[in-house]
Every structure is written in structure tokens, then in C-alpha cells.
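structure_16.cif (mmCIF, C-alpha atoms)
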data_my_file
#
loop_
_atom_site.group_PDB
_atom_site.id
_atom_site.type_symbol
_atom_site.label_atom_id
_atom_site.label_comp_id
_atom_site.auth_asym_id
_atom_site.auth_seq_id
_atom_site.Cartn_x
_atom_site.Cartn_y
_atom_site.Cartn_z
ATOM 1 C CA MET A 1 179.317 135.766 123.853
ATOM 2 C CA MET A 2 179.841 132.779 121.522
ATOM 3 C CA ARG A 3 177.389 130.735 123.559
ATOM 4 C CA ASN A 4 174.700 133.411 123.139
ATOM 5 C CA LYS A 5 175.294 133.459 119.373
ATOM 6 C CA LYS A 6 174.948 129.682 119.196
ATOM 7 C CA LYS A 7 171.714 129.827 121.188
ATOM 8 C CA LYS A 8 170.334 132.524 118.901
ATOM 9 C CA SER A 9 171.366 130.522 115.841
ATOM 10 C CA LYS A 10 169.724 127.349 117.163
ATOM 11 C CA GLY A 11 166.632 129.331 118.107
ATOM 12 C CA PHE A 12 166.446 130.876 114.633
ATOM 13 C CA PHE A 13 166.640 127.522 112.838
ATOM 14 C CA ARG A 14 164.293 125.760 115.242
ATOM 15 C CA GLU A 15 161.700 128.537 115.061
ATOM 16 C CA ASN A 16 161.744 128.679 111.260
ATOM 17 C CA TYR A 17 161.762 124.892 110.896
ATOM 18 C CA VAL A 18 158.703 124.546 113.146
ATOM 19 C CA SER A 19 157.009 127.441 111.346
ATOM 20 C CA SER A 20 157.716 125.773 107.995
ATOM 21 C CA TRP A 21 156.166 122.480 109.107
ATOM 22 C CA ASN A 22 153.094 124.294 110.432
ATOM 23 C CA TYR A 23 152.599 126.030 107.087
ATOM 24 C CA LEU A 24 153.128 122.727 105.330
ATOM 25 C CA LYS A 25 150.352 121.132 107.376
ATOM 26 C CA GLU A 26 148.126 124.114 106.653
ATOM 27 C CA SER A 27 148.752 123.647 102.916
ATOM 28 C CA LYS A 28 148.274 119.869 102.810
ATOM 29 C CA ASN A 29 145.073 119.970 100.729
ATOM 30 C CA TYR A 30 146.859 121.815 97.913
ATOM 31 C CA ILE A 31 149.688 119.283 98.048
ATOM 32 C CA TYR A 32 147.161 116.429 97.871
ATOM 33 C CA ILE A 33 145.585 118.052 94.802
ATOM 34 C CA THR A 34 148.903 118.157 92.931
ATOM 35 C CA ILE A 35 149.647 114.554 93.965
ATOM 36 C CA GLY A 36 146.236 113.519 92.625
ATOM 37 C CA ILE A 37 146.790 115.353 89.333
ATOM 38 C CA PHE A 38 150.255 113.824 88.969
ATOM 39 C CA PHE A 39 149.113 110.239 89.453
ATOM 40 C CA ILE A 40 145.983 110.627 87.316
ATOM 41 C CA PHE A 41 148.162 111.740 84.401
ATOM 42 C CA THR A 42 150.705 109.019 85.173
ATOM 43 C CA LEU A 43 147.881 106.551 84.481
ATOM 44 C CA VAL A 44 146.866 108.507 81.392
ATOM 45 C CA GLY A 45 150.450 108.382 80.120
ATOM 46 C CA PHE A 46 150.667 104.658 80.812
ATOM 47 C CA PHE A 47 147.400 103.609 79.177
ATOM 48 C CA ILE A 48 146.843 106.249 76.463
ATOM 49 C CA PRO A 49 149.721 106.575 73.982
ATOM 50 C CA PRO A 50 150.348 110.031 72.459
ATOM 51 C CA PRO A 51 150.503 110.705 68.702
ATOM 52 C CA ASP A 52 153.676 109.336 67.087
ATOM 53 C CA SER A 53 155.182 112.812 66.598
ATOM 54 C CA ILE A 54 154.848 113.642 70.307
ATOM 55 C CA ALA A 55 156.086 110.189 71.350
ATOM 56 C CA GLU A 56 159.200 110.686 69.224
ATOM 57 C CA GLN A 57 159.883 114.058 70.842
ATOM 58 C CA ILE A 58 159.530 112.592 74.344
ATOM 59 C CA LEU A 59 161.848 109.671 73.510
ATOM 60 C CA LYS A 60 164.368 112.090 71.965
ATOM 61 C CA PHE A 61 164.276 114.204 75.136
ATOM 62 C CA ILE A 62 164.876 111.145 77.326
ATOM 63 C CA GLU A 63 167.683 109.903 75.050
ATOM 64 C CA ASP A 64 169.402 113.306 75.148
ATOM 65 C CA LEU A 65 169.092 113.361 78.943
ATOM 66 C CA LEU A 66 170.610 109.895 79.293
ATOM 67 C CA ASN A 67 173.427 110.755 76.880
ATOM 68 C CA ALA A 68 174.188 113.947 78.765
ATOM 69 C CA THR A 69 174.531 112.140 82.092
ATOM 70 C CA GLN A 70 175.988 108.736 81.173
ATOM 71 C CA ASP A 71 179.664 109.753 81.462
ATOM 72 C CA MET A 72 179.233 111.746 84.672
ATOM 73 C CA SER A 73 180.992 110.712 87.854
ATOM 74 C CA GLN A 74 178.945 110.079 90.977
ATOM 75 C CA ILE A 75 179.650 113.594 92.319
ATOM 76 C CA GLU A 76 178.814 115.209 88.976
ATOM 77 C CA LEU A 77 175.595 113.211 88.732
ATOM 78 C CA ILE A 78 174.543 114.133 92.272
ATOM 79 C CA ASN A 79 175.275 117.794 91.524
ATOM 80 C CA TYR A 80 173.332 117.632 88.232
ATOM 81 C CA ILE A 81 170.299 115.976 89.839
ATOM 82 C CA PHE A 82 170.281 118.414 92.751
ATOM 83 C CA TRP A 83 170.444 121.609 90.696
ATOM 84 C CA ASN A 84 167.932 120.356 88.147
ATOM 85 C CA ASN A 85 165.428 119.442 90.864
ATOM 86 C CA LEU A 86 166.152 122.645 92.790
ATOM 87 C CA GLN A 87 165.302 124.715 89.735
ATOM 88 C CA SER A 88 162.108 122.753 89.051
ATOM 89 C CA SER A 89 160.970 123.026 92.680
ATOM 90 C CA PHE A 90 161.694 126.759 92.910
ATOM 91 C CA PHE A 91 159.873 127.486 89.651
ATOM 92 C CA GLY A 92 156.985 125.316 90.874
ATOM 93 C CA ILE A 93 156.539 127.695 93.810
ATOM 94 C CA PHE A 94 157.482 131.031 92.248
ATOM 95 C CA PHE A 95 155.476 130.726 89.014
ATOM 96 C CA GLY A 96 152.466 129.652 91.032
ATOM 97 C CA ILE A 97 151.915 133.395 91.411
ATOM 98 C CA PHE A 98 150.088 133.282 88.062
ATOM 99 C CA PHE A 99 146.866 131.700 89.350
ATOM 100 C CA GLY A 100 148.640 128.428 90.196
ATOM 101 C CA ILE A 101 148.688 127.447 86.501
ATOM 102 C CA PHE A 102 152.380 126.552 86.231
ATOM 103 C CA PRO A 103 152.507 123.976 89.074
ATOM 104 C CA VAL A 104 149.338 122.297 87.767
ATOM 105 C CA VAL A 105 150.718 122.110 84.220
ATOM 106 C CA SER A 106 154.035 120.827 85.605
ATOM 107 C CA ALA A 107 152.258 118.128 87.615
ATOM 108 C CA ILE A 108 150.343 117.091 84.477
ATOM 109 C CA GLY A 109 153.481 117.056 82.298
ATOM 110 C CA ASN A 110 155.683 115.197 84.773
ATOM 111 C CA GLY A 111 152.970 112.681 85.567
ATOM 112 C CA TYR A 112 152.293 111.971 81.907
ATOM 113 C CA LEU A 113 156.013 111.654 81.175
ATOM 114 C CA LEU A 114 156.470 109.108 83.973
ATOM 115 C CA GLY A 115 153.467 107.088 82.765
ATOM 116 C CA PHE A 116 154.630 107.168 79.151
ATOM 117 C CA VAL A 117 158.174 106.029 80.015
ATOM 118 C CA ALA A 118 156.799 103.262 82.239
ATOM 119 C CA ALA A 119 154.560 102.083 79.377
ATOM 120 C CA VAL A 120 157.420 102.071 76.861
ATOM 121 C CA VAL A 121 159.721 100.150 79.192
ATOM 122 C CA SER A 122 157.055 97.588 80.118
ATOM 123 C CA GLN A 123 156.177 97.006 76.440
ATOM 124 C CA GLU A 124 159.766 96.597 75.285
ATOM 125 C CA GLU A 125 160.895 94.440 78.198
ATOM 126 C CA SER A 126 158.620 93.610 81.140
ATOM 127 C CA LEU A 127 156.885 95.161 84.125
ATOM 128 C CA LEU A 128 159.679 93.794 86.322
ATOM 129 C CA VAL A 129 162.098 96.213 84.652
ATOM 130 C CA LEU A 130 160.118 99.189 85.991
ATOM 131 C CA TRP A 131 161.930 98.968 89.328
ATOM 132 C CA ARG A 132 164.995 100.347 87.526
ATOM 133 C CA LEU A 133 163.082 103.599 86.960
ATOM 134 C CA LEU A 134 162.808 104.223 90.691
ATOM 135 C CA PRO A 135 166.212 105.877 91.158
ATOM 136 C CA HIS A 136 165.496 108.257 88.257
ATOM 137 C CA GLY A 137 163.157 110.588 90.085
ATOM 138 C CA ILE A 138 161.195 108.785 92.765
ATOM 139 C CA PHE A 139 163.079 110.145 95.765
ATOM 140 C CA GLU A 140 162.588 113.826 94.981
ATOM 141 C CA LEU A 141 158.848 113.464 94.414
ATOM 142 C CA PRO A 142 157.891 114.530 97.982
ATOM 143 C CA ALA A 143 159.878 117.768 97.542
ATOM 144 C CA VAL A 144 158.372 118.334 94.095
ATOM 145 C CA PHE A 145 154.826 117.718 95.350
ATOM 146 C CA ILE A 146 155.384 120.150 98.225
ATOM 147 C CA SER A 147 156.649 122.808 95.800
ATOM 148 C CA PHE A 148 153.783 122.333 93.341
ATOM 149 C CA GLY A 149 151.259 122.369 96.190
ATOM 150 C CA LEU A 150 152.653 125.580 97.660
ATOM 151 C CA GLY A 151 152.765 127.141 94.184
ATOM 152 C CA LEU A 152 149.124 126.227 93.652
ATOM 153 C CA LYS A 153 148.184 127.742 97.005
ATOM 154 C CA LEU A 154 150.207 130.878 96.261
ATOM 155 C CA GLY A 155 148.151 131.450 93.125
ATOM 156 C CA THR A 156 144.922 131.539 95.151
ATOM 157 C CA PHE A 157 145.887 134.834 96.847
ATOM 158 C CA ILE A 158 144.032 136.630 94.046
ATOM 159 C CA PHE A 159 140.728 135.196 95.320
ATOM 160 C CA GLN A 160 141.216 136.445 98.883
ATOM 161 C CA LYS A 161 139.785 139.681 100.279
ATOM 162 C CA GLU A 162 143.096 141.009 101.611
ATOM 163 C CA LYS A 163 145.114 140.175 98.513
ATOM 164 C CA ILE A 164 148.403 141.909 99.364
ATOM 165 C CA ARG A 165 148.538 140.638 102.931
ATOM 166 C CA THR A 166 147.599 137.119 101.844
ATOM 167 C CA PHE A 167 150.175 137.138 99.052
ATOM 168 C CA ASN A 168 152.936 138.258 101.417
ATOM 169 C CA ARG A 169 152.017 135.569 103.931
ATOM 170 C CA TYR A 170 151.811 132.793 101.344
ATOM 171 C CA PHE A 171 154.967 133.873 99.539
ATOM 172 C CA TRP A 172 157.287 134.239 102.534
ATOM 173 C CA ASN A 173 156.020 131.070 104.186
ATOM 174 C CA SER A 174 156.575 129.209 100.914
ATOM 175 C CA ILE A 175 160.135 130.528 100.722
ATOM 176 C CA LYS A 176 160.754 129.333 104.285
ATOM 177 C CA VAL A 177 159.415 125.871 103.475
ATOM 178 C CA PHE A 178 161.586 125.823 100.367
ATOM 179 C CA PHE A 179 164.813 126.485 102.274
ATOM 180 C CA PHE A 180 164.097 124.583 105.489
ATOM 181 C CA ILE A 181 162.293 121.505 104.103
ATOM 182 C CA VAL A 182 162.457 121.241 100.300
ATOM 183 C CA VAL A 183 166.186 121.926 99.881
ATOM 184 C CA PRO A 184 167.246 119.339 102.515
ATOM 185 C CA LEU A 185 164.930 116.774 100.878
ATOM 186 C CA LEU A 186 166.470 117.493 97.476
ATOM 187 C CA ILE A 187 169.997 117.105 98.847
ATOM 188 C CA VAL A 188 169.161 113.685 100.293
ATOM 189 C CA ALA A 189 167.299 112.709 97.087
ATOM 190 C CA ALA A 190 170.229 113.711 94.853
ATOM 191 C CA ILE A 191 172.712 111.711 96.940
ATOM 192 C CA ILE A 192 170.493 108.606 96.951
ATOM 193 C CA GLU A 193 169.559 108.820 93.269
ATOM 194 C CA GLY A 194 173.048 109.648 92.036
ATOM 195 C CA SER A 195 174.546 106.810 94.064
ATOM 196 C CA LEU A 196 171.932 104.264 92.953
ATOM 197 C CA ILE A 197 172.182 105.210 89.286
ATOM 198 C CA VAL A 198 175.965 104.716 89.397
ATOM 199 C CA LEU A 199 175.549 101.477 91.369
ATOM 200 C CA LEU A 200 172.916 100.029 89.032
ATOM 201 C CA GLY A 201 174.866 101.275 86.047
#
Give the structure from this file in C-alpha cells form.
Amino acid sequence: MMRNKKKKSKGFFRENYVSSWNYLKESKNYIYITIGIFFIFTLVGFFIPPPDSIAEQILKFIEDLLNATQDMSQIELINYIFWNNLQSSFFGIFFGIFFGIFPVVSAIGNGYLLGFVAAVVSQEESLLVLWRLLPHGIFELPAVFISFGLGLKLGTFIFQKEKIRTFNRYFWNSIKVFFFIVVPLLIVAAIIEGSLIVLLG
């Protein structure tokens, strides 16, 4: 009896994991689009400075974030990083329902923010210091790109002939990818980032 339950459990996870990867491959073009948007606006953020008022707001946001996390233990930091990224990734998929606007805007905003921070750091110190930025977000990028890409694809259901059927297919496959691929990636990313941030101090 227990053996049959274990087999069913293994079969369930294997089937859904394979199904998630197949949908991921099917959605690769949308993921590539969000990656392209992200890196284009990373370059924009690096080479084109914003108005002083916006720059001050961005720097204030970063300062508040650093202050909020500086006294956290390694476990607290890992937990903070994981839940923050989990929320961002889930919203990236779910709010893609509205014509895929939210994931595109998020890719633009996050890309620009990364470019701006990189520019500020390189101007104040040197390009060699940029390697210290890597633990602060680089490891969860694959999960974030997947989420934004799936959110973008989800928003295209409105342009399909069988809108309801297409929406249901896109939505439930995206949820499967979220739980079977994105969440594990975010767990690994949070552990690596939290540990490196504490280590690099």
C-alpha cells in the first residue's frame, strides 16, 4: 500500500516536472523577449542618467533596502530574499493577464535599476567593484525572466481565437512552472545570495 503511494507520488512529480519543462521550452521566445528588454534597459540605466529627482528617489530606495537588511542574520536574510523574489515572480506571472503589460514594465524597471546602480558604483569607485553587486540579485534572474516571460505569454490569450481555452491552458501551465521550476530556483538563489552577502559583509 505504502509502495503504491510512493510510486503515485513519484509519478505525479515526474509528470508535472516534465510537463513544466515542455511548456517552458514552448514559451522560450517570450522569455527571450523579456531578457532582451531587461538588458536593453540595463544599458540605458548605465549610460543615460535620470533626472536628479528620480536619481535621489532610487538611491533612497536602495539605502532603505540596505538599512532594512544589514542587521539580519543569514537565515533571516535568506528568508527575506526568498519571499521578496517569490512575490515578484508570482506577480510577474499573475498580472501578465492584463495584456502582458506588468511583466514588461517590471523588466524595464528592474533592468534600468540594475544599470543605474552599476553606473553609480563604477563612478564612485571603479568597474572592478561591480562584482560585489552579483550576490544582490544575479542568481534569481533566471527565475525572474521565466516568470516575466510566462506573464507576457499569458497576456496574449486575448489575441487567440479560443480565448477561454487558451487562457486556461496558459494559466495552469504557468502555475505548474512556477511551483515545479521557479520556486526551487528561488530557494537555491536565496541560499546562495544570503550566504554570499553575509560572507562578503
- Item | All residues 12 Å or closer to Ser106 of chain A, only C-alpha atoms, same chain fewer than 5 positions away omitted, as a list of chain:residue names |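 In the requested format, the answer is A:Thr34, A:Ile35, A:Ile37, A:Phe38, A:Phe41, A:Ser88, A:Ser89, A:Phe91, A:Gly92, A:Ile93, A:Phe95, A:Gly96, A:Gly100, A:Ile101, A:Gly111, A:Tyr112, A:Leu113, A:Val144, A:Phe145, A:Ser147, A:Phe148, A:Gly149, A:Gly151, A:Leu152.
Between atom CA of Gly45 of chain A and atom CA of Leu114 of chain A the separation is 7.2 Å.
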- Task: Spell out the residues picked by the PyMOL selection byres ((chain A and resi 175) around 10) here, as JSON, numbers by chain.
- Result: {"A": [20, 90, 93, 94, 147, 150, 170, 171, 172, 173, 174, 176, 177, 178, 179, 180, 181, 182]}
- Which distance in Å separates atom CA of Ile81 of chain A and atom CA of Ile146 of chain A, to one decimal?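 Between atom CA of Ile81 of chain A and atom CA of Ile146 of chain A the gap is 17.6 Å.
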- Skip segment 63-72 of chain A itself and residues of its chain fewer than 3 positions away, then list as JSON, numbers by chain all residues within 12 Å of it, counting all atoms listed in the file. {"A": [56, 57, 58, 59, 60, 75, 76, 77, 78, 79, 80, 81, 84, 117, 136, 194, 195, 197, 198, 201]}
- Task: Can you work out the spacing between atom CA of Ile33 of chain A and atom CA of Leu86 of chain A in Å, to one decimal?
- Result: 21.2 Å
- Selected residue of minimal separation from Phe82 of chain A among A:Tyr30, A:Glu140, A:Phe159, A:Tyr17, counting only C-alpha atoms: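 Smallest distance to Phe82 of chain A is found for A:Glu140.
Proximity to Leu141 of chain A was assessed for A:Ala107, A:Ile158, A:Val120, A:Leu196 counting all atoms listed in the file; the smallest distance is recorded for A:Ala107.
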- Task: Identify, on the basis of all atoms listed in the file, every residue whose closest approach to Gly115 of chain A does not exceed 9 Å; exclude the query and any residue fewer than 5 positions from it along the same chain; express the result as a PyMOL selection string.
- Result: chain A and resi 39+41-47+110+120
- Hey, what comes out of the PyMOL selection byres ((chain A and resi 155) around 6) on this file? Could you write it as a list in words?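 Going through the file, the PyMOL selection byres ((chain A and resi 155) around 6) ends up selecting Gly96, Ile97, Phe98, Phe99, Gly100, Leu152, Lys153, Leu154, Thr156 and Phe157 of chain A.
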- Might you pull out every residue within 9 Å of Val188 of chain A, with all atoms listed in the file counted and same-chain residues fewer than 3 positions away left off, and present them as a list in words?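 The contact residues come out as Phe82, Phe139, Glu140, Val183, Pro184, Leu185, Ile191, Ile192 and Glu193 of chain A.
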- Message: Given only C-alpha atoms as the basis, pick out the residue of A:Arg14, A:Ser19, A:Pro142, A:Ser27 nearest to Asn85 of chain A.
- Response: A:Pro142
